[in-house]
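Peer 1: Just so it is clear, I am handing over work_15.cif, which has mmCIF, C-alpha atoms and all ligand atoms.
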data_run
#
loop_
_atom_site.group_PDB
_atom_site.id
_atom_site.type_symbol
_atom_site.label_atom_id
_atom_site.label_comp_id
_atom_site.auth_asym_id
_atom_site.auth_seq_id
_atom_site.Cartn_x
_atom_site.Cartn_y
_atom_site.Cartn_z
ATOM 1 C CA MET A 1 -9.513 28.253 -18.625
ATOM 2 C CA ILE A 2 -9.833 25.101 -16.553
ATOM 3 C CA THR A 3 -8.427 21.582 -16.860
ATOM 4 C CA ALA A 4 -10.559 18.505 -17.546
ATOM 5 C CA TYR A 5 -9.617 14.895 -18.207
ATOM 6 C CA ASP A 6 -12.876 13.137 -19.106
ATOM 7 C CA VAL A 7 -16.238 13.623 -20.782
ATOM 8 C CA LEU A 8 -18.211 14.225 -17.590
ATOM 9 C CA MET A 9 -16.029 17.069 -16.325
ATOM 10 C CA ALA A 10 -15.861 18.496 -19.860
ATOM 11 C CA GLN A 11 -19.682 18.608 -20.090
ATOM 12 C CA ASN A 12 -19.943 20.292 -16.689
ATOM 13 C CA VAL A 13 -17.327 23.007 -17.237
ATOM 14 C CA ASP A 14 -18.450 23.621 -20.832
ATOM 15 C CA GLU A 15 -22.052 24.112 -19.687
ATOM 16 C CA ALA A 16 -20.779 26.589 -17.056
ATOM 17 C CA GLY A 17 -19.407 28.806 -19.823
ATOM 18 C CA ILE A 18 -15.640 28.285 -19.642
ATOM 19 C CA ASP A 19 -13.745 29.666 -22.693
ATOM 20 C CA MET A 20 -10.964 27.090 -22.878
ATOM 21 C CA ILE A 21 -10.458 23.579 -21.540
ATOM 22 C CA LEU A 22 -6.912 22.309 -21.021
ATOM 23 C CA VAL A 23 -6.346 18.578 -20.992
ATOM 24 C CA GLY A 24 -3.159 19.057 -18.974
ATOM 25 C CA ASP A 25 -0.481 16.472 -18.424
ATOM 26 C CA SER A 26 -1.374 17.113 -14.768
ATOM 27 C CA LEU A 27 -3.450 14.067 -15.771
ATOM 28 C CA GLY A 28 -0.424 12.132 -14.455
ATOM 29 C CA ASN A 29 -0.874 13.470 -10.923
ATOM 30 C CA VAL A 30 -4.609 14.136 -10.824
ATOM 31 C CA VAL A 31 -6.033 11.073 -12.591
ATOM 32 C CA MET A 32 -3.240 8.496 -12.929
ATOM 33 C CA GLY A 33 -1.708 8.715 -9.436
ATOM 34 C CA TYR A 34 1.899 9.439 -10.464
ATOM 35 C CA SER A 35 3.958 11.823 -8.325
ATOM 36 C CA SER A 36 5.022 13.868 -11.378
ATOM 37 C CA THR A 37 3.962 14.463 -14.992
ATOM 38 C CA LEU A 38 7.050 12.733 -16.411
ATOM 39 C CA PRO A 39 5.574 9.219 -16.929
ATOM 40 C CA VAL A 40 2.595 10.472 -19.001
ATOM 41 C CA THR A 41 2.650 9.210 -22.622
ATOM 42 C CA MET A 42 1.238 10.477 -25.942
ATOM 43 C CA GLU A 43 -1.256 7.601 -25.802
ATOM 44 C CA ASP A 44 -2.471 8.724 -22.340
ATOM 45 C CA MET A 45 -2.848 12.342 -23.538
ATOM 46 C CA ILE A 46 -4.597 11.458 -26.805
ATOM 47 C CA HIS A 47 -7.001 9.088 -25.024
ATOM 48 C CA HIS A 48 -8.061 11.668 -22.421
ATOM 49 C CA THR A 49 -8.102 14.628 -24.821
ATOM 50 C CA ALA A 50 -10.445 12.700 -27.139
ATOM 51 C CA CYS A 51 -12.785 12.054 -24.168
ATOM 52 C CA VAL A 52 -12.842 15.780 -23.340
ATOM 53 C CA VAL A 53 -13.459 16.760 -26.978
ATOM 54 C CA ARG A 54 -16.498 14.442 -27.069
ATOM 55 C CA GLY A 55 -17.938 16.203 -24.010
ATOM 56 C CA THR A 56 -17.356 19.768 -25.246
ATOM 57 C CA LYS A 57 -19.777 21.816 -27.355
ATOM 58 C CA HIS A 58 -18.487 25.386 -27.027
ATOM 59 C CA ALA A 59 -15.045 25.720 -25.400
ATOM 60 C CA LEU A 60 -11.710 25.607 -27.192
ATOM 61 C CA VAL A 61 -9.946 22.373 -26.195
ATOM 62 C CA VAL A 62 -6.139 22.407 -25.764
ATOM 63 C CA GLY A 63 -4.210 19.121 -25.610
ATOM 64 C CA ASP A 64 -0.956 19.146 -23.597
ATOM 65 C CA LEU A 65 2.094 17.440 -25.136
ATOM 66 C CA PRO A 66 3.766 15.140 -22.583
ATOM 67 C CA PHE A 67 7.407 14.888 -21.513
ATOM 68 C CA MET A 68 9.748 13.787 -24.336
ATOM 69 C CA SER A 69 7.120 14.069 -27.080
ATOM 70 C CA TYR A 70 8.525 17.392 -28.395
ATOM 71 C CA GLN A 71 11.948 18.040 -26.778
ATOM 72 C CA GLU A 72 13.964 15.736 -29.049
ATOM 73 C CA SER A 73 13.530 17.651 -32.334
ATOM 74 C CA PRO A 74 11.163 20.114 -34.039
ATOM 75 C CA ALA A 75 10.252 17.322 -36.486
ATOM 76 C CA LYS A 76 9.194 15.009 -33.660
ATOM 77 C CA ALA A 77 7.281 17.894 -32.035
ATOM 78 C CA LEU A 78 5.387 18.515 -35.283
ATOM 79 C CA TYR A 79 4.651 14.801 -35.663
ATOM 80 C CA ASN A 80 3.210 14.543 -32.132
ATOM 81 C CA ALA A 81 1.286 17.828 -32.375
ATOM 82 C CA GLY A 82 -0.221 16.433 -35.583
ATOM 83 C CA ARG A 83 -1.133 13.158 -33.867
ATOM 84 C CA MET A 84 -2.859 15.089 -31.076
ATOM 85 C CA MET A 85 -4.915 17.154 -33.553
ATOM 86 C CA LYS A 86 -5.818 14.164 -35.773
ATOM 87 C CA GLU A 87 -6.465 11.482 -33.170
ATOM 88 C CA ALA A 88 -7.999 13.581 -30.364
ATOM 89 C CA GLN A 89 -9.519 16.241 -32.636
ATOM 90 C CA CYS A 90 -8.743 19.080 -30.242
ATOM 91 C CA ASP A 91 -8.320 22.734 -31.253
ATOM 92 C CA ALA A 92 -4.749 23.531 -30.140
ATOM 93 C CA VAL A 93 -1.699 22.003 -28.468
ATOM 94 C CA LYS A 94 0.382 23.223 -25.507
ATOM 95 C CA PHE A 95 3.933 22.450 -24.462
ATOM 96 C CA GLU A 96 6.513 23.785 -22.008
ATOM 97 C CA GLY A 97 9.590 25.899 -22.661
ATOM 98 C CA GLY A 98 10.904 29.166 -24.098
ATOM 99 C CA GLU A 99 13.609 29.818 -26.677
ATOM 100 C CA ALA A 100 14.581 26.124 -26.677
ATOM 101 C CA VAL A 101 11.212 25.100 -28.194
ATOM 102 C CA CYS A 102 10.656 28.077 -30.524
ATOM 103 C CA GLU A 103 11.726 26.224 -33.652
ATOM 104 C CA ALA A 104 9.103 23.586 -32.811
ATOM 105 C CA VAL A 105 6.462 26.296 -32.177
ATOM 106 C CA HIS A 106 7.264 27.837 -35.562
ATOM 107 C CA LYS A 107 7.052 24.509 -37.413
ATOM 108 C CA ILE A 108 3.764 23.529 -35.728
ATOM 109 C CA THR A 109 2.032 26.880 -36.253
ATOM 110 C CA ALA A 110 3.284 26.904 -39.882
ATOM 111 C CA ALA A 111 1.385 23.619 -40.286
ATOM 112 C CA GLY A 112 -1.821 25.348 -39.157
ATOM 113 C CA ILE A 113 -1.872 24.067 -35.580
ATOM 114 C CA PRO A 114 -2.460 26.730 -32.894
ATOM 115 C CA VAL A 115 0.083 26.594 -30.054
ATOM 116 C CA VAL A 116 -0.101 27.617 -26.386
ATOM 117 C CA GLY A 117 3.267 28.060 -24.629
ATOM 118 C CA HIS A 118 4.028 27.451 -20.939
ATOM 119 C CA LEU A 119 6.688 29.337 -18.932
ATOM 120 C CA GLY A 120 7.739 29.816 -15.323
ATOM 121 C CA LEU A 121 7.333 26.677 -13.232
ATOM 122 C CA THR A 122 7.354 24.063 -15.976
ATOM 123 C CA PRO A 123 6.642 20.769 -14.165
ATOM 124 C CA GLN A 124 8.304 18.596 -16.828
ATOM 125 C CA SER A 125 11.619 20.263 -15.782
ATOM 126 C CA VAL A 126 11.014 19.859 -12.029
ATOM 127 C CA HIS A 127 14.296 17.987 -11.506
ATOM 128 C CA GLN A 128 16.284 20.751 -13.205
ATOM 129 C CA LEU A 129 14.366 23.494 -11.360
ATOM 130 C CA GLY A 130 15.104 21.790 -8.045
ATOM 131 C CA GLY A 131 11.468 21.494 -6.967
ATOM 132 C CA PHE A 132 8.083 23.162 -7.309
ATOM 133 C CA ARG A 133 8.922 26.797 -6.561
ATOM 134 C CA VAL A 134 8.261 30.316 -7.834
ATOM 135 C CA GLN A 135 10.313 31.216 -10.938
ATOM 136 C CA GLY A 136 11.715 34.562 -12.094
ATOM 137 C CA LYS A 137 12.450 36.200 -8.736
ATOM 138 C CA GLU A 138 16.037 37.174 -9.622
ATOM 139 C CA GLU A 139 17.087 39.698 -12.268
ATOM 140 C CA ASP A 140 18.619 37.102 -14.614
ATOM 141 C CA THR A 141 15.732 34.632 -14.425
ATOM 142 C CA ALA A 142 13.160 37.458 -14.774
ATOM 143 C CA ARG A 143 14.944 38.789 -17.886
ATOM 144 C CA GLN A 144 15.114 35.276 -19.344
ATOM 145 C CA LEU A 145 11.367 34.836 -18.775
ATOM 146 C CA LEU A 146 10.566 38.085 -20.649
ATOM 147 C CA GLN A 147 12.876 37.003 -23.471
ATOM 148 C CA ASP A 148 11.300 33.527 -23.648
ATOM 149 C CA ALA A 149 7.792 35.014 -23.814
ATOM 150 C CA LYS A 150 8.760 37.368 -26.651
ATOM 151 C CA ALA A 151 10.416 34.476 -28.503
ATOM 152 C CA LEU A 152 7.298 32.302 -28.131
ATOM 153 C CA GLU A 153 5.107 35.134 -29.417
ATOM 154 C CA ASP A 154 7.429 35.699 -32.393
ATOM 155 C CA ALA A 155 7.411 31.957 -33.125
ATOM 156 C CA GLY A 156 3.599 32.073 -33.352
ATOM 157 C CA ALA A 157 2.177 31.009 -29.958
ATOM 158 C CA PHE A 158 -1.267 32.607 -29.509
ATOM 159 C CA ALA A 159 -1.261 32.261 -25.709
ATOM 160 C CA ILE A 160 1.281 31.569 -22.970
ATOM 161 C CA VAL A 161 0.566 29.942 -19.600
ATOM 162 C CA LEU A 162 2.576 31.584 -16.803
ATOM 163 C CA GLU A 163 2.899 29.257 -13.832
ATOM 164 C CA CYS A 164 4.169 30.413 -10.414
ATOM 165 C CA VAL A 165 5.823 33.704 -11.300
ATOM 166 C CA PRO A 166 5.702 36.917 -9.228
ATOM 167 C CA ALA A 167 2.567 38.956 -10.013
ATOM 168 C CA ASP A 168 4.505 42.103 -10.952
ATOM 169 C CA LEU A 169 6.644 40.200 -13.448
ATOM 170 C CA ALA A 170 3.556 38.516 -14.975
ATOM 171 C CA THR A 171 1.870 41.918 -15.368
ATOM 172 C CA LEU A 172 4.972 43.439 -16.963
ATOM 173 C CA LEU A 173 5.292 40.435 -19.275
ATOM 174 C CA THR A 174 1.606 40.650 -20.256
ATOM 175 C CA HIS A 175 2.034 44.334 -21.233
ATOM 176 C CA SER A 176 5.237 43.540 -23.139
ATOM 177 C CA LEU A 177 3.453 41.169 -25.545
ATOM 178 C CA LYS A 178 1.637 42.528 -28.596
ATOM 179 C CA LYS A 179 -0.383 39.513 -29.748
ATOM 180 C CA ALA A 180 -0.113 36.537 -27.422
ATOM 181 C CA ALA A 181 -2.450 36.366 -24.411
ATOM 182 C CA THR A 182 -1.080 35.364 -21.011
ATOM 183 C CA ILE A 183 -2.946 32.810 -18.901
ATOM 184 C CA GLY A 184 -1.830 32.777 -15.286
ATOM 185 C CA ILE A 185 -1.727 30.101 -12.607
ATOM 186 C CA GLY A 186 -0.086 31.451 -9.475
ATOM 187 C CA ALA A 187 0.861 34.560 -11.470
ATOM 188 C CA GLY A 188 -1.466 37.246 -10.064
ATOM 189 C CA ASN A 189 -4.421 39.029 -11.618
ATOM 190 C CA GLY A 190 -2.471 41.051 -14.187
ATOM 191 C CA CYS A 191 -2.578 38.250 -16.755
ATOM 192 C CA ASP A 192 -5.082 38.252 -19.639
ATOM 193 C CA GLY A 193 -6.705 35.057 -18.345
ATOM 194 C CA GLN A 194 -6.439 32.458 -15.581
ATOM 195 C CA VAL A 195 -6.260 28.663 -15.461
ATOM 196 C CA LEU A 196 -6.898 26.274 -12.566
ATOM 197 C CA VAL A 197 -6.815 22.511 -12.204
ATOM 198 C CA CYS A 198 -10.463 21.402 -11.981
ATOM 199 C CA THR A 199 -9.970 19.126 -8.978
ATOM 200 C CA ASP A 200 -8.257 21.941 -7.022
ATOM 201 C CA LEU A 201 -11.071 24.403 -7.819
ATOM 202 C CA LEU A 202 -13.700 21.828 -6.837
ATOM 203 C CA GLY A 203 -11.937 20.594 -3.689
ATOM 204 C CA MET A 204 -11.958 16.985 -4.897
ATOM 205 C CA SER A 205 -8.794 15.784 -3.196
ATOM 206 C CA GLY A 206 -8.427 15.431 0.551
ATOM 207 C CA GLY A 207 -4.710 16.191 0.441
ATOM 208 C CA PHE A 208 -2.383 18.985 -0.699
ATOM 209 C CA ARG A 209 -3.891 22.187 -2.108
ATOM 210 C CA PRO A 210 -1.543 24.724 -3.699
ATOM 211 C CA LYS A 211 -1.428 28.308 -2.335
ATOM 212 C CA PHE A 212 -2.341 29.802 -5.733
ATOM 213 C CA SER A 213 -5.539 27.786 -6.078
ATOM 214 C CA LYS A 214 -8.942 28.774 -4.736
ATOM 215 C CA THR A 215 -11.306 26.042 -3.601
ATOM 216 C CA TYR A 216 -14.753 27.073 -4.882
ATOM 217 C CA ALA A 217 -16.489 23.902 -3.681
ATOM 218 C CA ASP A 218 -15.799 21.058 -1.268
ATOM 219 C CA LEU A 219 -16.626 18.001 -3.377
ATOM 220 C CA HIS A 220 -14.301 15.822 -1.273
ATOM 221 C CA THR A 221 -16.583 16.273 1.754
ATOM 222 C CA MET A 222 -19.711 15.893 -0.401
ATOM 223 C CA ILE A 223 -18.504 12.681 -2.071
ATOM 224 C CA THR A 224 -17.196 10.962 1.061
ATOM 225 C CA GLY A 225 -20.354 12.033 2.957
ATOM 226 C CA ALA A 226 -22.679 10.711 0.253
ATOM 227 C CA VAL A 227 -20.878 7.367 -0.055
ATOM 228 C CA ARG A 228 -20.724 6.958 3.743
ATOM 229 C CA THR A 229 -24.512 7.445 3.910
ATOM 230 C CA TYR A 230 -25.015 4.937 1.071
ATOM 231 C CA VAL A 231 -22.924 2.316 2.915
ATOM 232 C CA GLU A 232 -25.008 2.849 6.093
ATOM 233 C CA ASP A 233 -28.296 2.713 4.152
ATOM 234 C CA VAL A 234 -27.378 -0.606 2.527
ATOM 235 C CA LYS A 235 -26.287 -2.115 5.853
ATOM 236 C CA ASN A 236 -29.564 -0.953 7.554
ATOM 237 C CA ARG A 237 -31.641 -1.966 4.500
ATOM 238 C CA THR A 238 -33.041 1.578 4.268
ATOM 239 C CA PHE A 239 -31.865 1.520 0.651
ATOM 240 C CA PRO A 240 -33.309 0.465 -1.764
ATOM 241 C CA LYS A 241 -36.868 1.541 -0.960
ATOM 242 C CA LYS A 242 -40.073 0.675 -2.783
ATOM 243 C CA GLU A 243 -39.629 3.538 -5.270
ATOM 244 C CA HIS A 244 -36.270 2.085 -6.375
ATOM 245 C CA THR A 245 -37.689 -1.427 -6.814
ATOM 246 C CA PHE A 246 -39.440 -3.400 -9.606
ATOM 247 C CA SER A 247 -42.472 -5.639 -8.931
ATOM 248 C CA MET A 248 -44.167 -8.498 -10.780
ATOM 249 C CA ALA A 249 -47.755 -9.761 -11.028
ATOM 250 C CA ASP A 250 -48.917 -11.913 -8.076
ATOM 251 C CA ASP A 251 -50.267 -14.716 -10.305
ATOM 252 C CA VAL A 252 -46.902 -15.100 -12.075
ATOM 253 C CA LEU A 253 -45.167 -15.170 -8.728
ATOM 254 C CA GLN A 254 -47.571 -17.859 -7.451
ATOM 255 C CA ALA A 255 -47.153 -19.890 -10.662
ATOM 256 C CA ILE A 256 -43.380 -20.102 -10.414
ATOM 257 C CA GLN A 257 -43.552 -21.077 -6.733
ATOM 258 C CA LYS A 258 -45.525 -24.260 -7.550
HETATM 259 O O1 LIG A 301 -1.000 20.208 -16.926
HETATM 260 C C1 LIG A 301 -1.629 21.201 -16.498
HETATM 261 O O2 LIG A 301 -2.687 21.100 -15.843
HETATM 262 C C2 LIG A 301 -1.096 22.526 -16.792
HETATM 263 C C3 LIG A 301 -1.742 23.696 -16.132
HETATM 264 C C4 LIG A 301 -1.424 23.724 -14.683
HETATM 265 C C5 LIG A 301 -1.382 24.960 -16.804
HETATM 266 O O3 LIG A 301 -0.163 22.619 -17.545
HETATM 267 NA NA NA A 302 0.928 20.647 -18.118
#
Now that the file is in, can you turn its structure into structure tokens?
Ligand code: KIV
Ligand code: NA
Peer 2:
Amino acid sequence: MITAYDVLMAQNVDEAGIDMILVGDSLGNVVMGYSSTLPVTMEDMIHHTACVVRGTKHALVVGDLPFMSYQESPAKALYNAGRMMKEAQCDAVKFEGGEAVCEAVHKITAAGIPVVGHLGLTPQSVHQLGGFRVQGKEEDTARQLLQDAKALEDAGAFAIVLECVPADLATLLTHSLKKAATIGIGAGNGCDGQVLVCTDLLGMSGGFRPKFSKTYADLHTMITGAVRTYVEDVKNRTFPKKEHTFSMADDVLQAIQK
């Protein structure tokens, strides 16, 4: 699984054979320039998920539900999951939380909408968690995580993202589930699948890169290098060349100069 936020990235990752595309609310950080995911709205998520759906032929597209679109009540969660499916035409929805959101998971799956859960470091709760840090290192928090995963599975979630949890706990949790698949990010290689943020994987930002991510390409260097060369070429008039240029007949040119 990989994230995407627009049609171009969707086409590229879909062609590469990815199984699932997540239109994450990491949109807020990656595309919209916010410092957290909290300001992202349903309208933002529907808009970008619809773009990704239009660029995808094969992969399963999951639309993330943003902060405060599902926490208030199971009824509101169902309403917004329904909006996402109808207006963006994606294949499943994802939202954060364990036992607290299970009634919503049950209601949404009962309506025929596949649900992906999200446990561990849940960025919409960053202020409660006290920062972006590994979750489930202590006995009580590890037990709660196992309990939350079981509850999500029982409520009908077909997959659960595990973000920033110790590898041994993620492996144990994966074995403890009977039906739901685990998808790890910073959760070791014992999960059923993995997810990365596309811009991290492609090295598209010059700044912070999380420890759990692997940079498979350095697009930041490629893009800044290409644009720098373009700027130089325009200033030196080495671009455009004849092959990039349109001509006209000499007699027409002479006629209009009279
Ligand atoms: O929003 C997102 O990109 C996510 C992934 C990191 C799992 O939720
Ligand atoms: Na997210």
Peer 1: Residues at most 9 Å from Gly203 of chain A, counting only C-alpha atoms, excluding those fewer than 6 positions away in the same chain, as number ranges by chain?
Peer 2: A: 209, 214-221
Peer 1: Considering all atoms listed in the file, state which residue in the set A:His47, A:Lys57, A:Glu96, A:Cys164 is at the smallest distance from Gln71 of chain A.
Peer 2: A:Glu96
Peer 1: Please report, as CSV, each residue of chain A lying at most 10 Å from ligand LIG 301 (chain A), together with the nearest pair of atoms and the separation in Å rounded to one decimal; use all atoms listed in the file, and order rows by chain and ascending residue number.
Peer 2:
residue,atom,partner,partner_atom,distance
A:Met1,CA,A:LIG301,C5,9.0
A:Ile2,CA,A:LIG301,O2,8.2
A:Thr3,CA,A:LIG301,O2,5.8
A:Ala4,CA,A:LIG301,O2,8.5
A:Tyr5,CA,A:LIG301,O2,9.6
A:Ile21,CA,A:LIG301,O2,9.9
A:Leu22,CA,A:LIG301,O2,6.8
A:Val23,CA,A:LIG301,O2,6.8
A:Gly24,CA,A:LIG301,O1,3.2
A:Asp25,CA,A:LIG301,O1,4.1
A:Ser26,CA,A:LIG301,O1,3.8
A:Leu27,CA,A:LIG301,O1,6.7
A:Gly28,CA,A:LIG301,O1,8.5
A:Asn29,CA,A:LIG301,O1,9.0
A:Val30,CA,A:LIG301,O2,8.8
A:Thr37,CA,A:LIG301,O1,7.8
A:Gly63,CA,A:LIG301,O1,9.3
A:Asp64,CA,A:LIG301,O1,6.8
A:Leu65,CA,A:LIG301,O1,9.2
A:Pro66,CA,A:LIG301,O1,9.0
A:Lys94,CA,A:LIG301,O3,8.0
A:Phe95,CA,A:LIG301,O3,8.0
A:Glu96,CA,A:LIG301,O3,8.1
A:Gly117,CA,A:LIG301,O3,9.6
A:His118,CA,A:LIG301,O3,7.2
A:Leu119,CA,A:LIG301,C5,9.4
A:Leu121,CA,A:LIG301,C4,9.4
A:Thr122,CA,A:LIG301,O3,7.8
A:Pro123,CA,A:LIG301,O3,7.8
A:Gln124,CA,A:LIG301,O3,9.4
A:Ile160,CA,A:LIG301,C5,9.4
A:Val161,CA,A:LIG301,C5,6.0
A:Leu162,CA,A:LIG301,C5,7.7
A:Glu163,CA,A:LIG301,C5,6.8
A:Cys164,CA,A:LIG301,C4,9.7
A:Ile183,CA,A:LIG301,C5,8.3
A:Gly184,CA,A:LIG301,C5,8.0
A:Ile185,CA,A:LIG301,C5,6.6
A:Gly186,CA,A:LIG301,C4,9.4
A:Gln194,CA,A:LIG301,C5,9.1
A:Val195,CA,A:LIG301,C5,6.3
A:Leu196,CA,A:LIG301,C4,6.4
A:Val197,CA,A:LIG301,O2,5.7
A:Cys198,CA,A:LIG301,O2,8.7
Peer 1: Counting all atoms listed in the file, find the residues whose atoms lie at most 9 Å from (4.0, 34.7, -9.6) (file coordinates) and write them out as number ranges by chain.
Peer 2: A: 120, 134-137, 162-170, 184-188, 212
Peer 1: Between atom CA of Asn80 of chain A and atom CA of Ala149 of chain A, measure the distance and give it in Å to one decimal.
Peer 2: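 According to the coordinates, atom CA of Asn80 of chain A and atom CA of Ala149 of chain A are separated by 22.6 Å.
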Peer 1: Go through A:Leu78, A:Val93, A:Met248, A:Met20 one by one, measure the shortest atom-to-atom distance of each to ligand NA 302 (chain A) using all atoms listed in the file, and give the residue with the smallest value.
Peer 2: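 Distance minimum relative to ligand NA 302 (chain A) lands on A:Val93.
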Peer 1: Given the PyMOL selection byres (((chain A and resi 107-112) around 8) and not hetatm) and the file above, list the residues it selects as a PyMOL selection string.
Peer 2: chain A and resi 74-75+77-78+81+103-106+113-115+156-157
Peer 1: Considering all atoms listed in the file, state which residue in the set A:Val7, A:Leu38, A:Val252, A:Phe246 is at the smallest distance from ligand NA 302 (chain A).
Peer 2: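 Selected residue with least distance to ligand NA 302 (chain A): A:Leu38.
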Peer 1: To one decimal place in Å, what is the distance between atom CA of Asp44 of chain A and atom CA of Ala88 of chain A?
Peer 2: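 Taking atom CA of Asp44 of chain A and atom CA of Ala88 of chain A, their separation equals 10.9 Å.
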Peer 1: Please determine, counting only C-alpha atoms, which residue among A:Phe67, A:Phe132, A:Phe239, A:Tyr230 has the shortest atom-to-atom distance to Lys211 of chain A.
Peer 2: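 The answer is A:Phe132, which sits nearest to Lys211 of chain A.
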Peer 1: Would you pick out the contacts of Ala10 of chain A at 6 Å or less, using all atoms listed in the file, so that residues sharing its chain but fewer than 3 positions from it are not included, and give the list as a PyMOL selection string?
Peer 2: chain A and resi 4+7+13-14+52+55-56
Peer 1: Env of Ala181 of chain A: 8 Å cut, atoms = all atoms listed in the file, seq-sep filter 5 positions within chain, self excluded. Answer as a list of chain:residue names.
Peer 2: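 Residues meeting the cut-off are A:Phe158, A:Ala159, A:Ile160, A:Thr174, A:Cys191, A:Asp192, A:Gly193.
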Peer 1: I need the chosen residues saved as an mmCIF file, in the coordinates of the input, with C-alpha atoms.
Peer 2:
data_model
loop_
_atom_site.group_PDB
_atom_site.id
_atom_site.type_symbol
_atom_site.label_atom_id
_atom_site.label_comp_id
_atom_site.auth_asym_id
_atom_site.auth_seq_id
_atom_site.Cartn_x
_atom_site.Cartn_y
_atom_site.Cartn_z
ATOM 1 C CA PHE A 158 -1.267 32.607 -29.509
ATOM 2 C CA ALA A 159 -1.261 32.261 -25.709
ATOM 3 C CA ILE A 160 1.281 31.569 -22.970
ATOM 4 C CA THR A 174 1.606 40.650 -20.256
ATOM 5 C CA CYS A 191 -2.578 38.250 -16.755
ATOM 6 C CA ASP A 192 -5.082 38.252 -19.639
ATOM 7 C CA GLY A 193 -6.705 35.057 -18.345
#
